[in-house]
$ cat start09.cif   # mmCIF, C-alpha atoms
data_query
#
loop_
_atom_site.label_atom_id
_atom_site.label_comp_id
_atom_site.auth_asym_id
_atom_site.auth_seq_id
_atom_site.Cartn_x
_atom_site.Cartn_y
_atom_site.Cartn_z
CA MET A 8 -10.75 9.39 -124.60
CA TYR A 9 -7.13 8.73 -123.57
CA ASN A 10 -3.65 10.26 -123.58
CA THR A 11 -0.32 8.49 -123.73
CA VAL A 12 1.73 9.43 -120.68
CA PRO A 13 5.28 8.56 -119.56
CA CYS A 14 5.83 6.07 -116.77
CA ILE A 15 8.44 3.72 -115.33
CA LYS A 16 7.52 0.11 -115.90
CA TYR A 17 8.61 -2.55 -113.47
CA ASP A 18 8.75 -6.03 -114.99
CA ASN A 19 10.39 -9.06 -113.41
CA GLY A 20 12.96 -7.09 -111.44
CA SER A 21 13.79 -4.43 -114.02
CA MET A 22 12.63 -0.81 -114.18
CA VAL A 23 12.64 0.91 -117.57
CA PRO A 24 11.26 4.21 -118.94
CA SER A 25 8.11 3.62 -120.95
CA SER A 26 4.64 5.02 -121.62
CA HIS A 27 1.04 3.93 -121.19
CA GLU A 28 -2.42 4.95 -122.38
CA VAL A 29 -4.44 6.63 -119.60
CA VAL A 30 -8.13 7.53 -119.80
CA MET A 31 -9.13 11.19 -119.72
CA GLU A 32 -11.12 12.54 -116.78
CA VAL A 33 -12.54 16.06 -117.00
CA PRO A 34 -14.89 18.17 -114.87
CA LEU A 35 -18.20 19.05 -116.49
CA ALA A 36 -20.24 21.85 -114.92
CA VAL A 37 -23.95 21.67 -115.71
CA PHE A 38 -26.18 24.72 -115.38
CA VAL A 39 -29.96 24.44 -115.71
CA ASN A 40 -31.95 27.65 -116.20
CA GLY A 41 -29.02 29.63 -114.85
CA ARG A 42 -28.57 27.50 -111.71
CA HIS A 43 -25.67 25.16 -111.05
CA ALA A 44 -27.07 21.60 -111.07
CA LEU A 45 -23.87 19.61 -110.64
CA THR A 46 -20.22 19.23 -111.55
CA ALA A 47 -19.50 15.72 -112.77
CA MET A 48 -16.19 14.05 -113.50
CA VAL A 49 -16.69 12.41 -116.88
CA SER A 50 -15.03 11.06 -119.98
CA PRO A 51 -15.26 13.88 -122.56
CA THR A 52 -17.55 12.13 -125.06
CA MET A 53 -21.32 12.07 -125.65
CA LEU A 54 -21.78 15.03 -123.30
CA GLU A 55 -25.18 15.96 -124.72
CA GLU A 56 -26.43 12.42 -124.08
CA PHE A 57 -24.98 12.50 -120.55
CA VAL A 58 -26.72 15.75 -119.64
CA THR A 59 -30.01 14.66 -121.23
CA GLY A 60 -29.94 11.34 -119.38
CA PHE A 61 -29.01 13.02 -116.08
CA LEU A 62 -31.83 15.55 -116.35
CA TYR A 63 -34.28 12.76 -117.18
CA THR A 64 -33.28 10.48 -114.29
CA GLU A 65 -33.46 13.47 -111.92
CA LYS A 66 -36.98 14.31 -113.19
CA ILE A 67 -35.81 17.79 -114.15
CA ILE A 68 -37.25 16.90 -117.56
CA ARG A 69 -39.97 14.32 -118.31
CA LYS A 70 -39.27 14.04 -122.03
CA LEU A 71 -36.68 15.21 -124.54
CA GLU A 72 -38.97 18.00 -125.76
CA ASP A 73 -38.80 19.67 -122.32
CA ILE A 74 -35.35 20.98 -123.28
CA ASP A 75 -35.46 24.34 -125.05
CA SER A 76 -31.73 24.57 -125.67
CA LEU A 77 -28.52 22.80 -124.67
CA ARG A 78 -25.16 24.48 -125.27
CA ILE A 79 -21.75 22.89 -124.61
CA GLU A 80 -18.78 25.21 -124.12
CA GLU A 81 -15.10 24.49 -123.57
CA LYS A 82 -12.37 26.79 -122.37
CA LYS A 83 -8.72 25.91 -122.81
CA ASP A 84 -6.32 27.05 -120.09
CA LYS A 85 -3.45 28.75 -121.95
CA ASP A 86 -1.09 28.16 -119.03
CA LYS A 87 -1.46 24.37 -119.22
CA GLU A 88 0.04 21.88 -121.64
CA LYS A 89 -1.47 21.66 -125.09
CA ASP A 90 -2.58 18.05 -124.50
CA SER A 91 -4.49 18.85 -121.31
CA ALA A 92 -8.27 18.59 -121.33
CA PRO A 93 -10.35 21.77 -121.63
CA ALA A 94 -12.72 22.93 -118.91
CA LEU A 95 -16.24 21.99 -120.00
CA SER A 96 -19.62 23.44 -119.14
CA VAL A 97 -23.15 22.83 -120.34
CA SER A 98 -25.95 25.39 -120.18
CA VAL A 99 -29.49 24.05 -120.44
CA LEU A 100 -32.74 25.96 -120.73
CA THR A 101 -35.95 24.05 -120.13
CA LYS A 102 -39.52 24.96 -120.97
CA ASP A 103 -40.23 25.12 -117.23
CA PRO A 104 -37.80 27.72 -115.82
CA PHE A 105 -38.39 26.49 -112.25
CA SER A 106 -37.74 22.79 -112.94
CA ILE A 107 -34.38 22.76 -111.11
CA MET A 108 -35.93 24.19 -107.93
CA LEU A 109 -36.57 20.87 -106.18
CA SER A 110 -36.66 20.29 -102.44
CA GLY A 111 -34.04 18.21 -100.66
CA LYS A 112 -31.25 15.97 -101.88
CA THR A 113 -30.59 12.27 -101.52
CA VAL A 114 -27.01 11.07 -101.62
CA LEU A 115 -26.68 7.59 -103.12
CA SER A 116 -23.61 5.50 -103.86
CA GLY A 117 -21.94 5.66 -107.24
CA CYS A 118 -18.38 5.82 -108.56
CA GLY A 119 -17.00 8.03 -105.83
CA GLY A 120 -20.49 9.05 -104.73
CA ASP A 121 -23.27 10.89 -106.46
CA THR A 122 -25.87 13.45 -105.51
CA SER A 123 -29.48 12.93 -106.51
CA TYR A 124 -32.37 15.37 -106.35
CA VAL A 125 -34.89 12.50 -106.15
CA ASP A 126 -36.35 11.23 -102.86
CA ALA A 127 -35.34 7.55 -102.61
CA GLU A 128 -38.59 6.77 -100.77
CA ARG A 129 -40.68 7.94 -103.74
CA LEU A 130 -39.06 6.02 -106.54
CA PRO A 131 -41.40 4.68 -109.25
CA LYS A 132 -42.15 1.00 -109.71
CA ILE A 133 -41.20 -0.80 -112.92
CA GLN A 134 -44.04 -1.06 -115.43
CA SER A 135 -43.01 -3.78 -117.89
CA ASP A 136 -43.95 -7.27 -119.05
CA LEU A 137 -40.45 -7.96 -120.40
CA ALA A 138 -39.09 -11.51 -120.05
CA THR A 139 -35.71 -12.66 -121.33
CA ASP A 140 -33.53 -15.77 -121.38
CA VAL A 141 -30.37 -16.74 -119.53
CA SER A 142 -28.70 -17.20 -122.92
CA ILE A 143 -29.54 -13.64 -123.93
CA ILE A 144 -28.11 -12.22 -120.70
CA LYS A 145 -24.87 -14.13 -121.29
CA SER A 146 -24.71 -13.06 -124.95
CA ILE A 147 -25.29 -9.33 -124.40
CA MET A 148 -22.87 -9.25 -121.47
CA LYS A 149 -20.18 -10.72 -123.70
CA GLU A 150 -20.98 -8.14 -126.39
CA THR A 151 -20.82 -5.32 -123.85
CA LEU A 152 -17.37 -6.19 -122.56
CA VAL A 153 -15.63 -6.02 -125.96
CA SER A 154 -13.69 -2.76 -125.57
CA ASP A 155 -10.47 -1.65 -127.22
CA LEU A 156 -10.32 1.31 -124.84
CA HIS A 157 -10.49 -0.96 -121.79
CA THR A 158 -7.82 -3.21 -123.31
CA ARG A 159 -5.55 -0.18 -123.82
CA THR A 160 -6.13 1.57 -120.49
CA GLY A 161 -7.90 -0.76 -118.04
CA GLY A 162 -9.53 2.40 -116.69
CA ILE A 163 -13.13 2.65 -117.88
CA HIS A 164 -16.58 1.27 -117.14
CA ILE A 165 -18.90 0.02 -119.86
CA VAL A 166 -22.70 0.15 -119.97
CA GLY A 167 -24.83 -1.41 -122.69
CA LEU A 168 -28.47 -0.80 -123.57
CA PHE A 169 -30.15 -3.65 -125.41
CA GLY A 170 -33.63 -4.03 -126.85
CA GLN A 171 -35.55 -6.96 -128.29
CA ASP A 172 -33.71 -6.50 -131.60
CA GLY A 173 -30.27 -6.43 -130.03
CA LYS A 174 -27.77 -3.70 -129.19
CA ILE A 175 -29.03 -0.12 -128.98
CA CYS A 176 -25.76 1.36 -127.71
CA VAL A 177 -22.65 0.50 -125.70
CA ILE A 178 -21.12 3.40 -123.79
CA GLU A 179 -17.69 3.81 -122.15
CA ASP A 180 -16.97 6.27 -119.34
CA ILE A 181 -14.77 6.56 -116.25
CA GLY A 182 -17.95 6.32 -114.16
CA ARG A 183 -20.56 3.62 -114.58
CA HIS A 184 -23.38 5.98 -113.54
CA ASN A 185 -22.11 8.50 -116.13
CA ALA A 186 -22.19 5.77 -118.77
CA LEU A 187 -25.74 4.82 -117.76
CA ASP A 188 -26.89 8.45 -118.04
CA LYS A 189 -25.32 8.59 -121.51
CA ALA A 190 -27.10 5.39 -122.54
CA ILE A 191 -30.43 6.72 -121.27
CA GLY A 192 -29.81 10.04 -123.02
CA TYR A 193 -29.03 8.18 -126.23
CA GLY A 194 -32.24 6.20 -125.84
CA LEU A 195 -34.27 9.38 -125.36
CA LYS A 196 -32.80 10.94 -128.50
CA HIS A 197 -33.65 7.82 -130.51
CA GLY A 198 -37.17 7.21 -129.19
CA VAL A 199 -36.37 3.99 -127.33
CA ASP A 200 -39.10 2.30 -125.28
CA PHE A 201 -37.14 1.65 -122.09
CA SER A 202 -39.76 -0.76 -120.73
CA SER A 203 -38.53 -3.42 -123.17
CA THR A 204 -34.79 -2.95 -122.60
CA VAL A 205 -31.99 -4.54 -120.58
CA VAL A 206 -28.98 -2.64 -119.21
CA THR A 207 -25.62 -4.36 -118.88
CA CYS A 208 -22.68 -3.10 -116.86
CA SER A 209 -19.03 -3.97 -116.34
CA GLY A 210 -18.94 -2.86 -112.70
CA ARG A 211 -20.75 -2.93 -109.37
CA LEU A 212 -24.50 -2.36 -109.31
CA SER A 213 -25.02 0.34 -106.70
CA SER A 214 -28.15 2.02 -105.43
CA GLU A 215 -27.49 4.87 -107.86
CA MET A 216 -27.48 2.50 -110.83
CA VAL A 217 -30.75 1.00 -109.62
CA ARG A 218 -32.30 4.43 -109.09
CA LYS A 219 -31.49 5.53 -112.62
CA CYS A 220 -33.03 2.36 -114.08
CA LEU A 221 -36.18 2.93 -112.02
CA MET A 222 -36.49 6.53 -113.19
CA ALA A 223 -36.19 5.39 -116.83
CA ASN A 224 -38.43 2.29 -116.34
CA ILE A 225 -35.68 -0.12 -117.41
CA PRO A 226 -36.81 -3.52 -116.04
CA VAL A 227 -33.53 -5.53 -116.03
CA ILE A 228 -29.95 -4.62 -115.13
CA ALA A 229 -27.15 -7.17 -115.32
CA SER A 230 -23.47 -6.92 -114.47
CA ARG A 231 -20.25 -8.84 -114.59
CA GLY A 232 -19.66 -7.55 -111.06
CA ALA A 233 -21.31 -7.48 -107.67
CA THR A 234 -24.26 -5.55 -106.27
CA THR A 235 -25.06 -3.99 -102.88
CA THR A 236 -27.70 -4.64 -100.23
CA LEU A 237 -29.30 -1.23 -100.73
CA ALA A 238 -29.51 -1.79 -104.48
CA ILE A 239 -31.24 -5.14 -103.86
CA ASN A 240 -33.69 -3.64 -101.35
CA MET A 241 -34.61 -0.81 -103.73
CA ALA A 242 -35.02 -3.23 -106.64
CA GLU A 243 -37.25 -5.60 -104.63
CA GLN A 244 -39.58 -2.77 -103.66
CA ALA A 245 -39.83 -1.44 -107.20
CA GLY A 246 -39.92 -4.65 -109.27
CA LEU A 247 -36.51 -4.33 -110.93
CA THR A 248 -34.56 -7.44 -111.91
CA ILE A 249 -30.89 -7.47 -110.78
CA VAL A 250 -28.46 -10.03 -112.18
CA GLY A 251 -24.87 -10.06 -110.94
CA PHE A 252 -21.64 -11.97 -111.59
CA VAL A 253 -22.57 -12.82 -115.18
CA ARG A 254 -19.50 -14.83 -116.13
CA SER A 255 -19.20 -17.79 -118.52
CA GLN A 256 -21.90 -20.26 -117.43
CA LYS A 257 -22.77 -18.58 -114.12
CA MET A 258 -24.85 -15.67 -112.83
CA ASN A 259 -26.67 -14.63 -109.66
CA ILE A 260 -30.28 -13.45 -110.01
CA TYR A 261 -30.94 -11.36 -106.91
CA THR A 262 -34.37 -9.89 -107.65
CA GLY A 263 -37.14 -10.29 -110.22
CA ALA A 264 -36.21 -13.87 -111.16
CA GLU A 265 -39.58 -14.28 -112.88
CA ARG A 266 -38.23 -12.21 -115.80
CA ILE A 267 -35.31 -14.56 -116.48
CA ARG A 268 -36.16 -17.84 -118.25
CA ASN A 269 -33.79 -20.80 -118.06
CA GLN A 270 -33.65 -21.46 -121.78
CA GLU A 271 -30.38 -22.03 -123.63
#
$ encode --input "start09.cif" --output "structure tokens"
Amino acid sequence: MYNTVPCIKYDNGSMVPSSHEVVMEVPLAVFVNGRHALTAMVSPTMLEEFVTGFLYTEKIIRKLEDIDSLRIEEKKDKDKEKDSAPALSVSVLTKDPFSIMLSGKTVLSGCGGDTSYVDAERLPKIQSDLATDVSIIKSIMKETLVSDLHTRTGGIHIVGLFGQDGKICVIEDIGRHNALDKAIGYGLKHGVDFSSTVVTCSGRLSSEMVRKCLMANIPVIASRGATTTLAINMAEQAGLTIVGFVRSQKMNIYTGAERIRNQE
């Protein structure tokens, strides 16, 4: 997940040779039924979960069983340094060979931008009777943000998926939408009922984060950071609860406040 690289550190007027841990970022090319679906810049872990979650939130698959095969390949460039990351590609075959042939694209905001194959005007509405407490939101946010990798590098986002019995998974990636896809993919592989889950995030809640929660029917998303107007508008229309700036004894509930009880 990281390499140690040389650098010059400036500290209180002095400059000295040193080193620092830096997160890895690699391109991942995804091919579905022989067609190029996307190339994503990701952290090179949990790639199967990432691809599964991406296909699910793009409605290329409706359930895990729609995937016939998923093969991950890596190719090392012999001309590059031995510590450099390999080129990665994933080939997926689905039971429906035409499932990637969708009309139109919608570009929504993410970490550096993201391309979606789903029409933003046709997003599903949340179907859930989940209610949770302020104390639970504070507790799971605190649990999410415990990260040795972030302490070492300061360069990753963290997404948590929590159910009524506690933590399901906590995922780290250079992109928060990548981490959310990995969490959703993990949930699919483990039979999670998303309608009774809460997603937590270390970074900004963008329209792309909201869209992915809507596609998976995740009713609550909470973050230590901010949100955007488009994310709020989408969430209001679809019945998603957005909670931002979850810090210490404070938080902002932007949408779906009926799901958050004020019980300590």
$ closest_residue --input "start09.cif" --among "A:Gly232, A:Gly194, A:Pro34, A:Gly246" --to "Val177 in chain A" --atoms "all atoms listed in the file"
A:Gly194
$ residues_around --input "start09.cif" --residues "Cys220 in chain A" --least-positions-apart "4" --cutoff "12 Å" --atoms "only C-alpha atoms" --output "PyMOL selection string"
chain A and resi 60-61+63-65+130-134+168+184+187-188+190-191+201-202+204-207+212-216+224-229+238+241-242+245-249
$ write_last_selection --input "start09.cif" --atoms "C-alpha atoms" --output "mmCIF file, keeping the file's coordinate frame"
data_model
loop_
_atom_site.group_PDB
_atom_site.id
_atom_site.type_symbol
_atom_site.label_atom_id
_atom_site.label_comp_id
_atom_site.auth_asym_id
_atom_site.auth_seq_id
_atom_site.Cartn_x
_atom_site.Cartn_y
_atom_site.Cartn_z
ATOM 1 C CA GLY A 60 -29.940 11.340 -119.380
ATOM 2 C CA PHE A 61 -29.010 13.020 -116.080
ATOM 3 C CA TYR A 63 -34.280 12.760 -117.180
ATOM 4 C CA THR A 64 -33.280 10.480 -114.290
ATOM 5 C CA GLU A 65 -33.460 13.470 -111.920
ATOM 6 C CA LEU A 130 -39.060 6.020 -106.540
ATOM 7 C CA PRO A 131 -41.400 4.680 -109.250
ATOM 8 C CA LYS A 132 -42.150 1.000 -109.710
ATOM 9 C CA ILE A 133 -41.200 -0.800 -112.920
ATOM 10 C CA GLN A 134 -44.040 -1.060 -115.430
ATOM 11 C CA LEU A 168 -28.470 -0.800 -123.570
ATOM 12 C CA HIS A 184 -23.380 5.980 -113.540
ATOM 13 C CA LEU A 187 -25.740 4.820 -117.760
ATOM 14 C CA ASP A 188 -26.890 8.450 -118.040
ATOM 15 C CA ALA A 190 -27.100 5.390 -122.540
ATOM 16 C CA ILE A 191 -30.430 6.720 -121.270
ATOM 17 C CA PHE A 201 -37.140 1.650 -122.090
ATOM 18 C CA SER A 202 -39.760 -0.760 -120.730
ATOM 19 C CA THR A 204 -34.790 -2.950 -122.600
ATOM 20 C CA VAL A 205 -31.990 -4.540 -120.580
ATOM 21 C CA VAL A 206 -28.980 -2.640 -119.210
ATOM 22 C CA THR A 207 -25.620 -4.360 -118.880
ATOM 23 C CA LEU A 212 -24.500 -2.360 -109.310
ATOM 24 C CA SER A 213 -25.020 0.340 -106.700
ATOM 25 C CA SER A 214 -28.150 2.020 -105.430
ATOM 26 C CA GLU A 215 -27.490 4.870 -107.860
ATOM 27 C CA MET A 216 -27.480 2.500 -110.830
ATOM 28 C CA ASN A 224 -38.430 2.290 -116.340
ATOM 29 C CA ILE A 225 -35.680 -0.120 -117.410
ATOM 30 C CA PRO A 226 -36.810 -3.520 -116.040
ATOM 31 C CA VAL A 227 -33.530 -5.530 -116.030
ATOM 32 C CA ILE A 228 -29.950 -4.620 -115.130
ATOM 33 C CA ALA A 229 -27.150 -7.170 -115.320
ATOM 34 C CA ALA A 238 -29.510 -1.790 -104.480
ATOM 35 C CA MET A 241 -34.610 -0.810 -103.730
ATOM 36 C CA ALA A 242 -35.020 -3.230 -106.640
ATOM 37 C CA ALA A 245 -39.830 -1.440 -107.200
ATOM 38 C CA GLY A 246 -39.920 -4.650 -109.270
ATOM 39 C CA LEU A 247 -36.510 -4.330 -110.930
ATOM 40 C CA THR A 248 -34.560 -7.440 -111.910
ATOM 41 C CA ILE A 249 -30.890 -7.470 -110.780
#
$ residues_near_point --input "start09.cif" --point "(-34.0, -23.7, -120.7)" --cutoff "9 Å" --atoms "only C-alpha atoms" --output "list in words"
Asp140, Val141, Ser142, Arg268, Asn269, Gln270 and Glu271 of chain A
$ residues_around --input "start09.cif" --residues "Ile178 in chain A" --least-positions-apart "2" --cutoff "10 Å" --atoms "all atoms listed in the file" --output "list in words"
Thr52, Met53, Thr151, Ser154, Ile163, His164, Ile165, Val166, Gly167, Leu168, Cys176, Asp180, Arg183, Asn185, Ala186, Leu187, Asp188, Lys189, Ala190, Tyr193 and Cys208 of chain A
$ write_last_selection --input "start09.cif" --atoms "C-alpha atoms" --output "mmCIF file, keeping the file's coordinate frame"
data_model
loop_
_atom_site.group_PDB
_atom_site.id
_atom_site.type_symbol
_atom_site.label_atom_id
_atom_site.label_comp_id
_atom_site.auth_asym_id
_atom_site.auth_seq_id
_atom_site.Cartn_x
_atom_site.Cartn_y
_atom_site.Cartn_z
ATOM 1 C CA THR A 52 -17.550 12.130 -125.060
ATOM 2 C CA MET A 53 -21.320 12.070 -125.650
ATOM 3 C CA THR A 151 -20.820 -5.320 -123.850
ATOM 4 C CA SER A 154 -13.690 -2.760 -125.570
ATOM 5 C CA ILE A 163 -13.130 2.650 -117.880
ATOM 6 C CA HIS A 164 -16.580 1.270 -117.140
ATOM 7 C CA ILE A 165 -18.900 0.020 -119.860
ATOM 8 C CA VAL A 166 -22.700 0.150 -119.970
ATOM 9 C CA GLY A 167 -24.830 -1.410 -122.690
ATOM 10 C CA LEU A 168 -28.470 -0.800 -123.570
ATOM 11 C CA CYS A 176 -25.760 1.360 -127.710
ATOM 12 C CA ASP A 180 -16.970 6.270 -119.340
ATOM 13 C CA ARG A 183 -20.560 3.620 -114.580
ATOM 14 C CA ASN A 185 -22.110 8.500 -116.130
ATOM 15 C CA ALA A 186 -22.190 5.770 -118.770
ATOM 16 C CA LEU A 187 -25.740 4.820 -117.760
ATOM 17 C CA ASP A 188 -26.890 8.450 -118.040
ATOM 18 C CA LYS A 189 -25.320 8.590 -121.510
ATOM 19 C CA ALA A 190 -27.100 5.390 -122.540
ATOM 20 C CA TYR A 193 -29.030 8.180 -126.230
ATOM 21 C CA CYS A 208 -22.680 -3.100 -116.860
#
$ closest_residue --input "start09.cif" --among "A:Gly198, A:Asp155, A:Ser203, A:Val58" --to "Asp172 in chain A" --atoms "only C-alpha atoms"
A:Ser203
$ atom_distance --input "start09.cif" --atom1 "CA of Asn40 in chain A" --atom2 "CA of Glu56 in chain A"
18.0 Å
$ atom_distance --input "start09.cif" --atom1 "CA of Val153 in chain A" --atom2 "CA of Met8 in chain A"
16.2 Å
$ residues_around --input "start09.cif" --residues "Val33 in chain A" --least-positions-apart "5" --cutoff "7 Å" --atoms "all atoms listed in the file" --output "PyMOL selection string"
chain A and resi 48-51+92
$ atom_distance --input "start09.cif" --atom1 "CA of Ala223 in chain A" --atom2 "CA of Val37 in chain A"
20.4 Å
$ closest_residue --input "start09.cif" --among "A:Gly170, A:Leu137, A:Val29, A:Tyr17" --to "Leu156 in chain A" --atoms "only C-alpha atoms"
A:Val29
$ residues_around --input "start09.cif" --residues "Lys102 in chain A" --least-positions-apart "6" --cutoff "9 Å" --atoms "all atoms listed in the file" --output "list in words"
Glu72, Asp73, Ile74 and Asp75 of chain A
$ closest_residue --input "start09.cif" --among "A:Lys145, A:Lys70, A:His27, A:Arg231" --to "Pro13 in chain A" --atoms "all atoms listed in the file"
A:His27
$ resolve_selection --input "start09.cif" --expression "the PyMOL selection byres ((chain A and resi 78) around 9)" --output "short mmCIF file (atom, residue, chain, number, x, y, z; two decimals) with C-alpha atoms, keeping the file's coordinate frame"
data_model
loop_
_atom_site.label_atom_id
_atom_site.label_comp_id
_atom_site.auth_asym_id
_atom_site.auth_seq_id
_atom_site.Cartn_x
_atom_site.Cartn_y
_atom_site.Cartn_z
CA GLU A 55 -25.18 15.96 -124.72
CA SER A 76 -31.73 24.57 -125.67
CA LEU A 77 -28.52 22.80 -124.67
CA ILE A 79 -21.75 22.89 -124.61
CA GLU A 80 -18.78 25.21 -124.12
CA SER A 96 -19.62 23.44 -119.14
CA VAL A 97 -23.15 22.83 -120.34
CA SER A 98 -25.95 25.39 -120.18
CA VAL A 99 -29.49 24.05 -120.44
CA LEU A 100 -32.74 25.96 -120.73
#
$ closest_residue --input "start09.cif" --among "A:Ala233, A:Val39, A:Ile67, A:Val217" --to "Phe252 in chain A" --atoms "all atoms listed in the file"
A:Ala233
